[in-house]
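Below is input-v3.txt, holding compact mmCIF, C-alpha atoms.
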```
# COMPACT_ATOMS: atom_id res chain seq x y z
CA MET A 1 60.37 77.02 70.92
CA GLU A 2 59.31 79.55 73.57
CA ALA A 3 62.47 78.92 75.62
CA ALA A 4 64.72 79.53 72.62
CA GLU A 5 62.90 82.72 71.65
CA SER A 6 63.01 84.08 75.20
CA ALA A 7 66.76 83.42 75.33
CA VAL A 8 67.26 85.47 72.18
CA ALA A 9 65.05 88.26 73.50
CA ALA A 10 67.08 88.36 76.70
CA GLY A 11 70.30 88.69 74.68
CA LYS A 12 71.80 85.44 75.95
CA GLN A 13 74.57 83.54 74.20
CA ARG A 14 73.65 82.23 70.78
CA PRO A 15 73.34 78.47 70.28
CA ARG A 16 76.51 76.55 69.48
CA PHE A 17 76.04 75.80 65.78
CA ILE A 18 78.48 73.45 64.02
CA LEU A 19 78.92 72.88 60.30
CA ALA A 20 80.12 69.32 59.71
CA SER A 21 81.62 70.07 56.31
CA ALA A 22 84.93 71.25 54.88
CA SER A 23 83.21 73.07 51.99
CA PRO A 24 84.33 76.73 51.77
CA ALA A 25 81.21 77.46 49.67
CA ARG A 26 78.85 76.21 52.38
CA LEU A 27 80.72 78.19 55.01
CA GLN A 28 80.58 81.37 52.93
CA THR A 29 76.88 80.91 52.17
CA LEU A 30 76.10 80.74 55.87
CA ARG A 31 78.35 83.72 56.59
CA ASP A 32 76.65 85.79 53.90
CA ALA A 33 73.35 85.02 55.66
CA GLY A 34 74.71 86.32 58.97
CA VAL A 35 75.60 82.97 60.52
CA GLU A 36 79.13 82.19 61.73
CA PRO A 37 79.24 78.43 62.34
CA GLU A 38 81.96 76.49 64.07
CA VAL A 39 83.50 74.15 61.49
CA ILE A 40 84.36 70.57 62.42
CA VAL A 41 85.23 68.27 59.52
CA SER A 42 83.67 64.83 59.93
CA GLY A 43 86.30 62.68 58.21
CA VAL A 44 83.64 60.44 56.63
CA ASP A 45 84.98 58.36 53.71
CA GLU A 46 82.46 59.35 51.04
CA ASP A 47 83.82 56.96 48.41
CA ASN A 48 82.69 53.84 50.27
CA VAL A 49 79.05 54.88 50.84
CA THR A 50 76.29 53.64 48.55
CA ALA A 51 72.52 54.19 48.36
CA GLU A 52 69.60 53.23 46.16
CA SER A 53 69.37 56.68 44.48
CA PRO A 54 71.51 59.83 44.07
CA GLY A 55 69.16 61.79 46.33
CA GLU A 56 69.28 59.17 49.06
CA LEU A 57 73.07 59.02 48.74
CA ALA A 58 73.28 62.79 49.41
CA ARG A 59 71.01 62.47 52.42
CA THR A 60 72.90 59.44 53.79
CA LEU A 61 76.27 61.17 53.48
CA ALA A 62 74.92 64.27 55.22
CA THR A 63 73.64 62.09 58.05
CA LEU A 64 76.93 60.24 58.44
CA LYS A 65 78.82 63.55 58.60
CA ALA A 66 76.55 64.99 61.29
CA ARG A 67 76.61 61.80 63.39
CA ALA A 68 80.42 61.53 63.16
CA VAL A 69 80.85 65.03 64.58
CA VAL A 70 78.16 64.56 67.25
CA ALA A 71 79.90 61.38 68.43
CA ASN A 72 83.00 63.38 69.37
CA LEU A 73 81.31 66.30 71.14
CA ASP A 74 81.67 66.77 74.87
CA ASP A 75 78.97 69.44 75.24
CA HIS A 76 75.66 70.43 73.63
CA ALA A 77 75.48 71.76 70.09
CA THR A 78 73.35 71.82 66.97
CA VAL A 79 75.23 70.10 64.13
CA LEU A 80 74.52 70.44 60.42
CA GLY A 81 75.82 67.85 57.97
CA CYS A 82 75.47 68.46 54.22
CA ASP A 83 76.47 66.65 51.07
CA SER A 84 75.70 67.24 47.40
CA VAL A 85 75.30 64.84 44.49
CA LEU A 86 74.53 65.71 40.85
CA GLU A 87 72.09 63.38 39.12
CA ILE A 88 72.01 62.97 35.33
CA ASP A 89 69.89 60.22 33.78
CA GLY A 90 69.52 58.56 37.17
CA VAL A 91 73.28 58.38 37.81
CA GLY A 92 74.83 60.25 40.74
CA TYR A 93 78.10 62.19 40.43
CA GLY A 94 80.14 63.45 43.38
CA LYS A 95 83.60 65.00 43.30
CA PRO A 96 85.59 63.76 40.27
CA GLY A 97 88.97 63.84 42.02
CA THR A 98 91.09 63.82 38.85
CA ALA A 99 91.35 66.03 35.79
CA GLU A 100 90.55 63.14 33.47
CA VAL A 101 87.30 62.31 35.23
CA ALA A 102 86.29 65.97 35.47
CA ARG A 103 86.92 66.49 31.75
CA GLU A 104 84.89 63.42 30.85
CA ARG A 105 81.97 64.47 33.03
CA LEU A 106 81.87 68.04 31.75
CA ARG A 107 81.77 66.79 28.17
CA ALA A 108 78.86 64.51 29.06
CA MET A 109 77.01 67.33 30.86
CA ARG A 110 77.34 70.12 28.29
CA GLY A 111 74.11 71.28 26.73
CA ARG A 112 72.10 69.13 29.12
CA SER A 113 70.31 69.42 32.46
CA GLY A 114 70.81 67.67 35.78
CA ILE A 115 69.41 67.65 39.28
CA LEU A 116 71.63 68.83 42.11
CA HIS A 117 70.61 67.05 45.32
CA THR A 118 71.84 68.35 48.67
CA GLY A 119 71.20 66.23 51.73
CA HIS A 120 70.79 68.01 55.06
CA CYS A 121 71.01 66.38 58.48
CA LEU A 122 70.46 68.51 61.57
CA PHE A 123 71.23 66.90 64.92
CA ASP A 124 70.41 68.85 68.07
CA THR A 125 72.10 67.24 71.08
CA THR A 126 69.94 69.11 73.60
CA THR A 127 66.62 67.77 72.30
CA ARG A 128 68.18 64.59 70.79
CA HIS A 129 66.30 65.37 67.57
CA GLU A 130 67.76 64.29 64.24
CA LEU A 131 66.19 65.71 61.09
CA ARG A 132 67.07 64.37 57.64
CA GLU A 133 65.94 66.34 54.59
CA LEU A 134 66.72 66.60 50.88
CA ALA A 135 66.59 69.66 48.63
CA SER A 136 66.78 69.24 44.84
CA THR A 137 67.38 71.88 42.18
CA THR A 138 67.39 71.48 38.39
CA VAL A 139 70.51 72.89 36.73
CA HIS A 140 70.85 73.67 33.01
CA PHE A 141 74.35 73.60 31.54
CA ALA A 142 75.76 75.55 28.59
CA ASP A 143 77.09 73.78 25.52
CA LEU A 144 80.76 74.16 26.47
CA THR A 145 83.51 73.88 23.87
CA ASP A 146 86.41 71.49 24.37
CA ASP A 147 88.72 74.47 24.90
CA GLU A 148 86.44 75.87 27.62
CA ILE A 149 86.34 72.51 29.35
CA ASP A 150 90.13 72.12 29.20
CA ALA A 151 90.64 75.64 30.57
CA TYR A 152 88.12 75.09 33.37
CA VAL A 153 89.64 71.76 34.39
CA ALA A 154 93.10 73.39 34.43
CA THR A 155 91.93 75.77 37.19
CA GLY A 156 91.44 72.80 39.51
CA GLU A 157 88.01 73.99 40.64
CA PRO A 158 85.87 71.21 39.12
CA LEU A 159 88.05 68.49 40.65
CA VAL A 160 86.91 69.17 44.21
CA VAL A 161 83.19 69.94 43.87
CA ALA A 162 80.15 67.70 43.44
CA GLY A 163 79.19 67.27 39.80
CA SER A 164 82.42 68.94 38.57
CA PHE A 165 80.94 72.45 38.51
CA THR A 166 80.14 75.49 40.65
CA VAL A 167 77.47 78.12 40.21
CA ASP A 168 79.13 80.62 42.55
CA GLY A 169 82.68 80.41 41.22
CA LEU A 170 84.56 80.03 37.94
CA GLY A 171 81.87 77.65 36.67
CA GLY A 172 79.09 80.24 36.99
CA PRO A 173 79.15 81.31 33.30
CA PHE A 174 78.64 77.67 32.26
CA VAL A 175 75.28 77.40 34.04
CA THR A 176 72.50 78.83 31.87
CA GLY A 177 69.72 78.53 34.44
CA ILE A 178 68.37 76.81 37.53
CA GLU A 179 64.91 75.78 38.67
CA GLY A 180 64.69 75.91 42.45
CA ASP A 181 66.87 77.16 45.30
CA TYR A 182 70.12 78.78 44.14
CA HIS A 183 71.81 78.30 47.52
CA ASN A 184 71.05 74.59 47.37
CA VAL A 185 73.28 74.37 44.30
CA VAL A 186 76.06 76.11 46.22
CA GLY A 187 75.73 73.46 48.92
CA VAL A 188 73.15 74.37 51.58
CA SER A 189 69.48 75.33 51.24
CA LEU A 190 68.96 78.28 53.56
CA PRO A 191 65.11 78.17 53.52
CA LEU A 192 65.20 74.44 54.30
CA LEU A 193 67.76 74.94 57.07
CA ARG A 194 65.62 77.69 58.61
CA ARG A 195 62.63 75.31 58.79
CA MET A 196 64.75 72.51 60.25
CA LEU A 197 66.15 74.80 62.96
CA ALA A 198 62.63 75.91 63.86
CA GLU A 199 61.67 72.27 64.40
CA VAL A 200 64.31 71.92 67.12
CA GLY A 201 63.34 75.22 68.75
CA ILE A 202 65.95 77.55 67.28
CA PRO A 203 64.65 80.62 65.42
CA TRP A 204 66.93 81.71 62.59
CA PRO A 205 67.71 85.16 64.11
CA ALA A 206 69.14 83.39 67.18
CA LEU A 207 72.19 82.51 65.08
CA TRP A 208 72.81 86.17 64.34
CA GLN A 209 73.73 86.91 67.95
CA THR A 210 77.48 87.56 68.12
CA PRO A 211 79.67 88.69 71.00
CA PRO A 212 80.99 92.27 70.88
CA PRO A 213 84.45 92.60 69.33
CA PHE A 214 87.53 93.18 71.46
CA GLU A 215 88.12 96.92 71.31
CA TYR A 216 90.88 99.36 72.22
CA ASP A 217 89.95 102.89 73.18
CA GLU A 218 91.94 105.85 71.89
CA ALA A 219 94.03 106.16 75.05
CA GLU A 220 95.17 102.53 74.84
CA ALA A 221 95.82 102.83 71.09
CA ALA A 222 97.95 105.95 71.64
CA ARG A 223 100.31 104.18 74.06
CA TYR A 224 100.14 100.74 72.47
CA ASP A 225 103.49 100.94 70.62
CA GLU A 226 105.39 102.19 73.66
CA THR A 227 104.04 99.48 75.96
CA ARG A 228 104.72 96.70 73.45
CA GLY A 229 108.41 97.34 72.83
CA GLY A 230 108.18 100.14 70.26
CA THR A 231 110.07 100.23 66.98
CA GLU A 232 112.80 97.85 68.15
CA ARG A 233 110.35 95.03 68.80
CA ALA A 234 108.43 95.82 65.59
CA GLN A 235 111.61 95.61 63.52
CA ALA A 236 112.53 92.26 65.08
CA ALA A 237 109.05 90.87 64.44
CA ALA A 238 108.97 92.20 60.86
CA ALA A 239 112.41 90.77 60.03
CA ALA A 240 111.31 87.34 61.26
CA VAL A 241 108.01 87.51 59.36
CA HIS A 242 109.80 88.70 56.22
CA SER A 243 112.13 85.69 56.34
CA LEU A 244 109.10 83.38 56.01
CA LEU A 245 107.28 85.29 53.26
CA PRO A 246 107.44 84.06 49.64
CA GLY A 247 108.39 87.49 48.28
CA GLY A 248 106.17 89.63 46.08
CA GLY A 249 102.39 89.56 45.92
CA ARG A 250 99.74 90.70 48.36
CA VAL A 251 100.41 90.40 52.09
CA VAL A 252 97.50 90.92 54.50
CA GLU A 253 98.15 91.48 58.21
CA LEU A 254 95.29 90.44 60.48
CA ALA A 255 94.71 92.58 63.58
CA VAL A 256 97.15 95.11 62.14
CA GLY A 257 96.79 97.35 65.21
CA THR A 258 98.68 100.61 64.84
CA GLY A 259 100.46 99.30 61.75
CA ILE A 260 103.89 99.44 63.35
CA VAL A 261 104.92 95.94 62.23
CA ALA A 262 103.24 96.34 58.84
CA ALA A 263 105.21 99.54 58.21
CA GLU A 264 108.45 97.67 58.86
CA LEU A 265 107.34 94.95 56.43
CA VAL A 266 106.72 97.63 53.80
CA ALA A 267 110.22 98.98 54.45
CA LEU A 268 111.52 95.48 53.65
CA GLY A 269 109.84 95.59 50.23
CA ASN A 270 106.43 94.00 50.85
CA LEU A 271 103.03 95.26 49.67
CA VAL A 272 100.97 95.11 52.89
CA HIS A 273 97.28 95.61 53.58
CA GLY A 274 95.98 95.66 57.15
CA VAL A 275 92.63 94.80 58.72
CA ASP A 276 91.48 95.32 62.29
CA LEU A 277 88.22 95.67 64.23
CA SER A 278 89.47 98.55 66.37
CA THR A 279 88.80 101.92 64.75
CA ALA A 280 91.02 103.56 67.40
CA MET A 281 93.98 101.41 66.35
CA LEU A 282 93.28 101.94 62.66
CA ARG A 283 93.44 105.71 63.06
CA HIS A 284 97.15 105.18 63.77
CA ALA A 285 97.61 102.45 61.16
CA LYS A 286 96.24 104.55 58.29
CA VAL A 287 99.05 107.06 58.84
CA ARG A 288 101.63 104.30 58.33
CA LEU A 289 99.70 102.49 55.59
CA PRO A 290 97.68 105.18 53.80
CA GLY A 291 94.95 103.64 51.67
CA HIS A 292 95.80 100.10 52.72
CA VAL A 293 93.80 99.52 55.91
CA ALA A 294 90.20 98.50 56.50
CA VAL A 295 87.84 97.70 59.34
CA ALA A 296 87.27 93.95 59.16
CA ASP A 297 86.96 90.85 61.31
CA ALA A 298 89.77 88.31 60.88
CA GLY A 299 87.02 85.69 60.64
CA ARG A 300 85.27 87.52 57.78
CA LEU A 301 87.85 89.01 55.47
CA PRO A 302 86.85 91.40 52.64
CA PHE A 303 88.77 89.47 49.99
CA GLY A 304 87.67 86.99 47.35
CA ASP A 305 88.64 83.33 47.34
CA ARG A 306 92.30 82.58 46.57
CA ARG A 307 93.25 86.26 46.19
CA CYS A 308 96.08 86.63 48.72
CA ASP A 309 99.68 85.45 48.58
CA ALA A 310 100.38 85.69 52.31
CA ILE A 311 98.46 86.27 55.53
CA VAL A 312 100.26 87.45 58.66
CA ALA A 313 98.99 87.38 62.25
CA VAL A 314 101.17 88.82 65.02
CA TRP A 315 99.69 88.66 68.55
CA LEU A 316 96.19 87.62 67.46
CA LEU A 317 95.45 83.94 67.99
CA HIS A 318 96.19 83.93 71.73
CA LEU A 319 93.35 86.46 72.19
CA LEU A 320 90.71 84.23 70.63
CA GLU A 321 88.34 81.77 72.25
CA ASP A 322 88.24 79.82 68.99
CA SER A 323 90.85 80.11 66.23
CA ASP A 324 88.97 77.88 63.77
CA PRO A 325 86.99 80.68 62.03
CA VAL A 326 90.24 82.56 61.39
CA LEU A 327 92.02 79.45 60.07
CA ALA A 328 89.06 78.69 57.80
CA GLU A 329 89.06 82.23 56.45
CA VAL A 330 92.83 82.22 55.93
CA ALA A 331 92.48 79.00 53.89
CA ARG A 332 89.68 80.56 51.84
CA VAL A 333 91.52 83.71 50.78
CA LEU A 334 95.00 82.23 50.29
CA ARG A 335 95.95 81.21 46.79
CA PRO A 336 97.18 77.59 46.42
CA GLY A 337 100.75 77.59 47.69
CA GLY A 338 100.21 80.81 49.65
CA VAL A 339 101.43 81.08 53.24
CA PHE A 340 100.03 81.94 56.66
CA VAL A 341 102.66 83.30 59.07
CA THR A 342 101.66 83.60 62.71
CA THR A 343 103.10 83.93 66.18
CA THR A 344 102.52 80.97 68.45
CA GLU A 345 102.91 80.12 72.15
CA LYS A 346 102.94 83.82 73.12
CA THR A 347 101.73 83.34 76.67
CA GLU A 348 103.94 80.31 77.23
CA SER A 349 107.04 82.12 75.93
CA SER A 350 106.47 84.93 78.43
CA ARG A 351 106.01 82.43 81.27
CA TYR A 352 109.23 80.59 80.42
CA ALA A 353 111.20 83.86 80.23
CA SER A 354 110.11 84.80 83.74
CA GLY A 355 110.87 81.33 85.14
CA ARG A 356 107.28 80.19 85.55
CA THR A 357 105.78 76.80 84.67
CA PRO A 358 103.52 76.26 81.64
CA ALA A 359 99.90 77.32 82.00
CA ASP A 360 97.39 74.66 82.94
CA ARG A 361 95.03 75.69 80.14
CA ARG A 362 96.31 75.56 76.58
CA ILE A 363 95.05 78.46 74.48
CA GLN A 364 94.33 78.94 70.81
CA ASP A 365 97.90 79.75 69.72
CA ALA A 366 99.33 76.55 71.25
CA LEU A 367 101.41 74.95 68.50
CA PRO A 368 100.00 71.38 68.74
CA HIS A 369 96.47 72.79 68.62
CA LEU A 370 97.29 75.02 65.64
CA ILE A 371 98.90 72.21 63.67
CA ALA A 372 95.94 69.89 64.23
CA ARG A 373 93.31 72.49 63.36
CA ALA A 374 95.21 74.04 60.42
CA THR A 375 95.52 70.62 58.80
CA GLN A 376 91.73 70.44 58.62
CA TYR A 377 91.78 73.49 56.36
CA GLY A 378 94.56 72.39 54.00
CA LEU A 379 97.28 74.36 55.83
CA THR A 380 100.54 72.49 56.44
CA LEU A 381 103.36 73.61 58.73
CA ASP A 382 106.50 74.07 56.62
CA GLY A 383 108.65 76.76 58.25
CA ALA A 384 109.53 78.42 61.54
CA THR A 385 111.77 81.02 63.14
CA THR A 386 111.88 83.15 66.30
CA PHE A 387 112.35 86.77 67.35
CA PRO A 388 113.14 88.41 70.71
CA GLY A 389 110.61 90.36 72.72
CA PRO A 390 111.32 93.56 74.62
CA THR A 391 113.35 93.56 77.83
CA LYS A 392 111.20 94.15 80.91
CA GLY A 393 113.24 95.21 83.93
CA THR A 394 115.33 92.32 85.21
CA VAL A 395 113.29 89.71 83.31
CA PRO A 396 115.20 88.48 80.23
CA PRO A 397 113.44 89.03 76.89
CA ALA A 398 111.12 86.25 75.80
CA THR A 399 111.86 84.41 72.57
CA TYR A 400 108.72 84.24 70.48
CA PRO A 401 108.18 81.43 67.96
CA LEU A 402 106.88 82.32 64.51
CA VAL A 403 105.56 79.58 62.23
CA ARG A 404 104.55 79.31 58.59
CA PHE A 405 101.70 77.21 57.21
CA ARG A 406 101.39 76.68 53.47
CA ARG A 407 98.06 76.34 51.65
CA SER A 408 97.66 73.09 49.74
CA LEU A 409 97.80 73.29 45.94
CA ARG A 410 94.30 71.82 45.57
```

Translate the structure described by the file into structure tokens.
Amino acid sequence: MEAAESAVAAGKQRPRFILASASPARLQTLRDAGVEPEVIVSGVDEDNVTAESPGELARTLATLKARAVVANLDDHATVLGCDSVLEIDGVGYGKPGTAEVARERLRAMRGRSGILHTGHCLFDTTTRHELRELASTTVHFADLTDDEIDAYVATGEPLVVAGSFTVDGLGGPFVTGIEGDYHNVVGVSLPLLRRMLAEVGIPWPALWQTPPPFEYDEAEAARYDETRGGTERAQAAAAAVHSLLPGGGRVVELAVGTGIVAAELVALGNLVHGVDLSTAMLRHAKVRLPGHVAVADAGRLPFGDRRCDAIVAVWLLHLLEDSDPVLAEVARVLRPGGVFVTTTEKTESSRYASGRTPADRRIQDALPHLIARATQYGLTLDGATTFPGPTKGTVPPATYPLVRFRRSLR
């Protein structure tokens, strides 16, 4: 405990904290509490696991998830596995999977109460400690009409959540009250997790430590367009991006920079909003996109779930040490069927153009890496094109790949 606290006091790197769950609700709950976990989906087949009680089933599944992720780690980390099961009359209910099952369950639940069990397993590879805990919250359901149930099932939300309901989403109005921890119903008990972390020597505030954002000063922002190929390159990039967009709807450009590409996308008929962490860059972008830019991290977007039709990232992923938080956030805010358009292989394309060999170290915009990680978040590669970079002296212009991932319909 003392070692962990002294590390925080000295401002050292925060612990590597991994969430072994694909649940967007769990991820958002942790983010809202100031914690940005690394997400690694366990791949555990939940359908083939049994236990003597619903609560024990939730705890067993959480343990299996954490252990599956730990087994594939090559360095130290603290891994959290979670799983939720709704108990009614001693019977446990997980995700229904189909509309028919969800409809049947909601009809059986209406006007009644159940217990939402969330199992938590925390495995710290440094101390080799494994903690297994269960949090249980009583949930009271409204007396839903058949029409309300049919409409709710049609949204698709109850098909992919434990117990066929949410308290933090479209199902919120159908929950009349809870007895216990609200966050536990969402999918992770924050007070319980805080106590578990303390047991392995990690104080909760240690997870708040984040590295400073990459920043451009005003001088760099002022000459950014000129040094990156100017309007000609922006028009080429925008035309390629536009060819992969669905047409209509809200387009959000991550790391919008000075807004030079976004402005060209607007000229092609798109409604574009831009986000960036650099206030110096945004001072230029707001001239090109008045009222449509905001200071925001690409890993914590200021948009609700399933609100965006397209997300665009030009020259972003190659700058990151870990693209997973951005991919997870893209999947969260995209509507089903929405698209993520991003440049890929930027560094490699430049090396090839100048006659050099591929880099020894593959970075976060490497296409094989992106495809593998995007799949974990329901994003499937379904389109691609290229555009030319600027000419630099005698070096021929690089050809930059641009790819499109589509959000699954579930």

From the options A:Ser278, A:Ser189, A:Thr258, A:Thr63, which residue's atoms come nearest to Leu122 (chain A), counting only C-alpha atoms?
A:Thr63

If I take CA of Ile202 (chain A) and CA of Cys121 (chain A), how far is one from the other in Å, to one decimal?
15.1 Å

What does the structure give for the distance between CA of Leu190 (chain A) and CA of Ala296 (chain A), in Å to one decimal?
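Separation of CA of Leu190 (chain A) and CA of Ala296 (chain A): 24.7 Å.
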
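Atom pair CA of Ile115 (chain A) / CA of Ala151 (chain A) has a distance of 24.3 Å (rounded to one decimal).
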
Which is closer to Arg373 (chain A) than all the others in A:Ala68, A:Val91, A:Val339, A:Ala328, using all atoms listed in the file?
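The answer is A:Ala328, which sits nearest to Arg373 (chain A).
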
Can you tell me which residues surround region 84-87 of chain A at a distance of at most 10 Å, considering all atoms listed in the file, apart from same-chain residues fewer than 2 positions away, and format the answer as a ChimeraX atom specification?
/A:53-59,61-62,82,89-95,113-120,134-139,161-165,184-188

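Non-sequential neighbours of Gln376 (chain A) (distance at most 8 Å, separation of 4 or more positions within a chain, only C-alpha atoms) are Ala22, Val41 and Ala372 of chain A.
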
Looking at only C-alpha atoms, which of A:Leu268, A:Ala237, A:Thr127, A:Gly169 is the one that sits closest to Gly304 (chain A)?
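Result for the nearest residue to Gly304 (chain A): A:Gly169.
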
Residues within 7 Å of (92.4, 87.2, 46.5), file coords, all atoms listed in the file, listed as a count of residues only:
9

Give the answer as one residue: which of A:Leu131, A:Thr78, A:Arg407, A:Met109 has the shortest atom-to-atom distance to Thr60 (chain A), using only C-alpha atoms?
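Ranking A:Leu131, A:Thr78, A:Arg407, A:Met109 by distance to Thr60 (chain A), first place goes to A:Leu131.
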
Would you mind putting all heavy atoms back on region 152-160 of chain A and writing the result as a compact mmCIF listing (two decimals), in the coordinates of the input?
```
# COMPACT_ATOMS: atom_id res chain seq x y z
N TYR A 152 88.78 75.17 32.06
CA TYR A 152 88.12 75.09 33.37
C TYR A 152 88.75 73.99 34.23
O TYR A 152 89.03 74.20 35.42
CB TYR A 152 86.63 74.83 33.17
CG TYR A 152 85.80 74.85 34.44
CD1 TYR A 152 86.09 75.73 35.47
CD2 TYR A 152 84.72 73.99 34.59
CE1 TYR A 152 85.32 75.75 36.63
CE2 TYR A 152 83.94 74.00 35.74
CZ TYR A 152 84.25 74.88 36.75
OH TYR A 152 83.48 74.89 37.90
N VAL A 153 89.02 72.86 33.65
CA VAL A 153 89.64 71.76 34.39
C VAL A 153 91.03 72.19 34.88
O VAL A 153 91.45 71.83 36.00
CB VAL A 153 89.73 70.49 33.53
CG1 VAL A 153 90.59 69.42 34.20
CG2 VAL A 153 88.33 69.94 33.25
N ALA A 154 91.74 72.95 34.07
CA ALA A 154 93.10 73.39 34.43
C ALA A 154 93.11 74.28 35.68
O ALA A 154 94.12 74.36 36.37
CB ALA A 154 93.75 74.12 33.26
N THR A 155 91.98 74.94 35.97
CA THR A 155 91.93 75.77 37.19
C THR A 155 91.90 74.93 38.45
O THR A 155 92.20 75.43 39.54
CB THR A 155 90.68 76.67 37.19
OG1 THR A 155 89.49 75.86 37.33
CG2 THR A 155 90.59 77.49 35.91
N GLY A 156 91.53 73.67 38.34
CA GLY A 156 91.44 72.80 39.51
C GLY A 156 90.10 72.85 40.23
O GLY A 156 89.79 71.97 41.04
N GLU A 157 89.28 73.85 39.92
CA GLU A 157 88.01 73.99 40.64
C GLU A 157 87.07 72.80 40.48
O GLU A 157 86.52 72.31 41.47
CB GLU A 157 87.30 75.28 40.22
CG GLU A 157 85.99 75.52 40.94
CD GLU A 157 85.29 76.80 40.51
OE1 GLU A 157 84.50 76.74 39.54
OE2 GLU A 157 85.54 77.84 41.13
N PRO A 158 86.84 72.31 39.26
CA PRO A 158 85.87 71.21 39.12
C PRO A 158 86.30 69.89 39.72
O PRO A 158 85.49 68.99 39.88
CB PRO A 158 85.70 71.10 37.60
CG PRO A 158 86.94 71.66 37.02
CD PRO A 158 87.36 72.76 37.95
N LEU A 159 87.58 69.75 40.09
CA LEU A 159 88.05 68.49 40.65
C LEU A 159 87.55 68.25 42.06
O LEU A 159 87.49 67.10 42.52
CB LEU A 159 89.58 68.45 40.64
CG LEU A 159 90.29 68.07 39.33
CD1 LEU A 159 90.04 69.09 38.25
CD2 LEU A 159 91.78 67.92 39.58
N VAL A 160 87.19 69.31 42.78
CA VAL A 160 86.91 69.17 44.21
C VAL A 160 85.48 69.54 44.58
O VAL A 160 85.17 69.77 45.75
CB VAL A 160 87.89 70.04 45.04
CG1 VAL A 160 89.31 69.53 44.90
CG2 VAL A 160 87.82 71.52 44.60
```
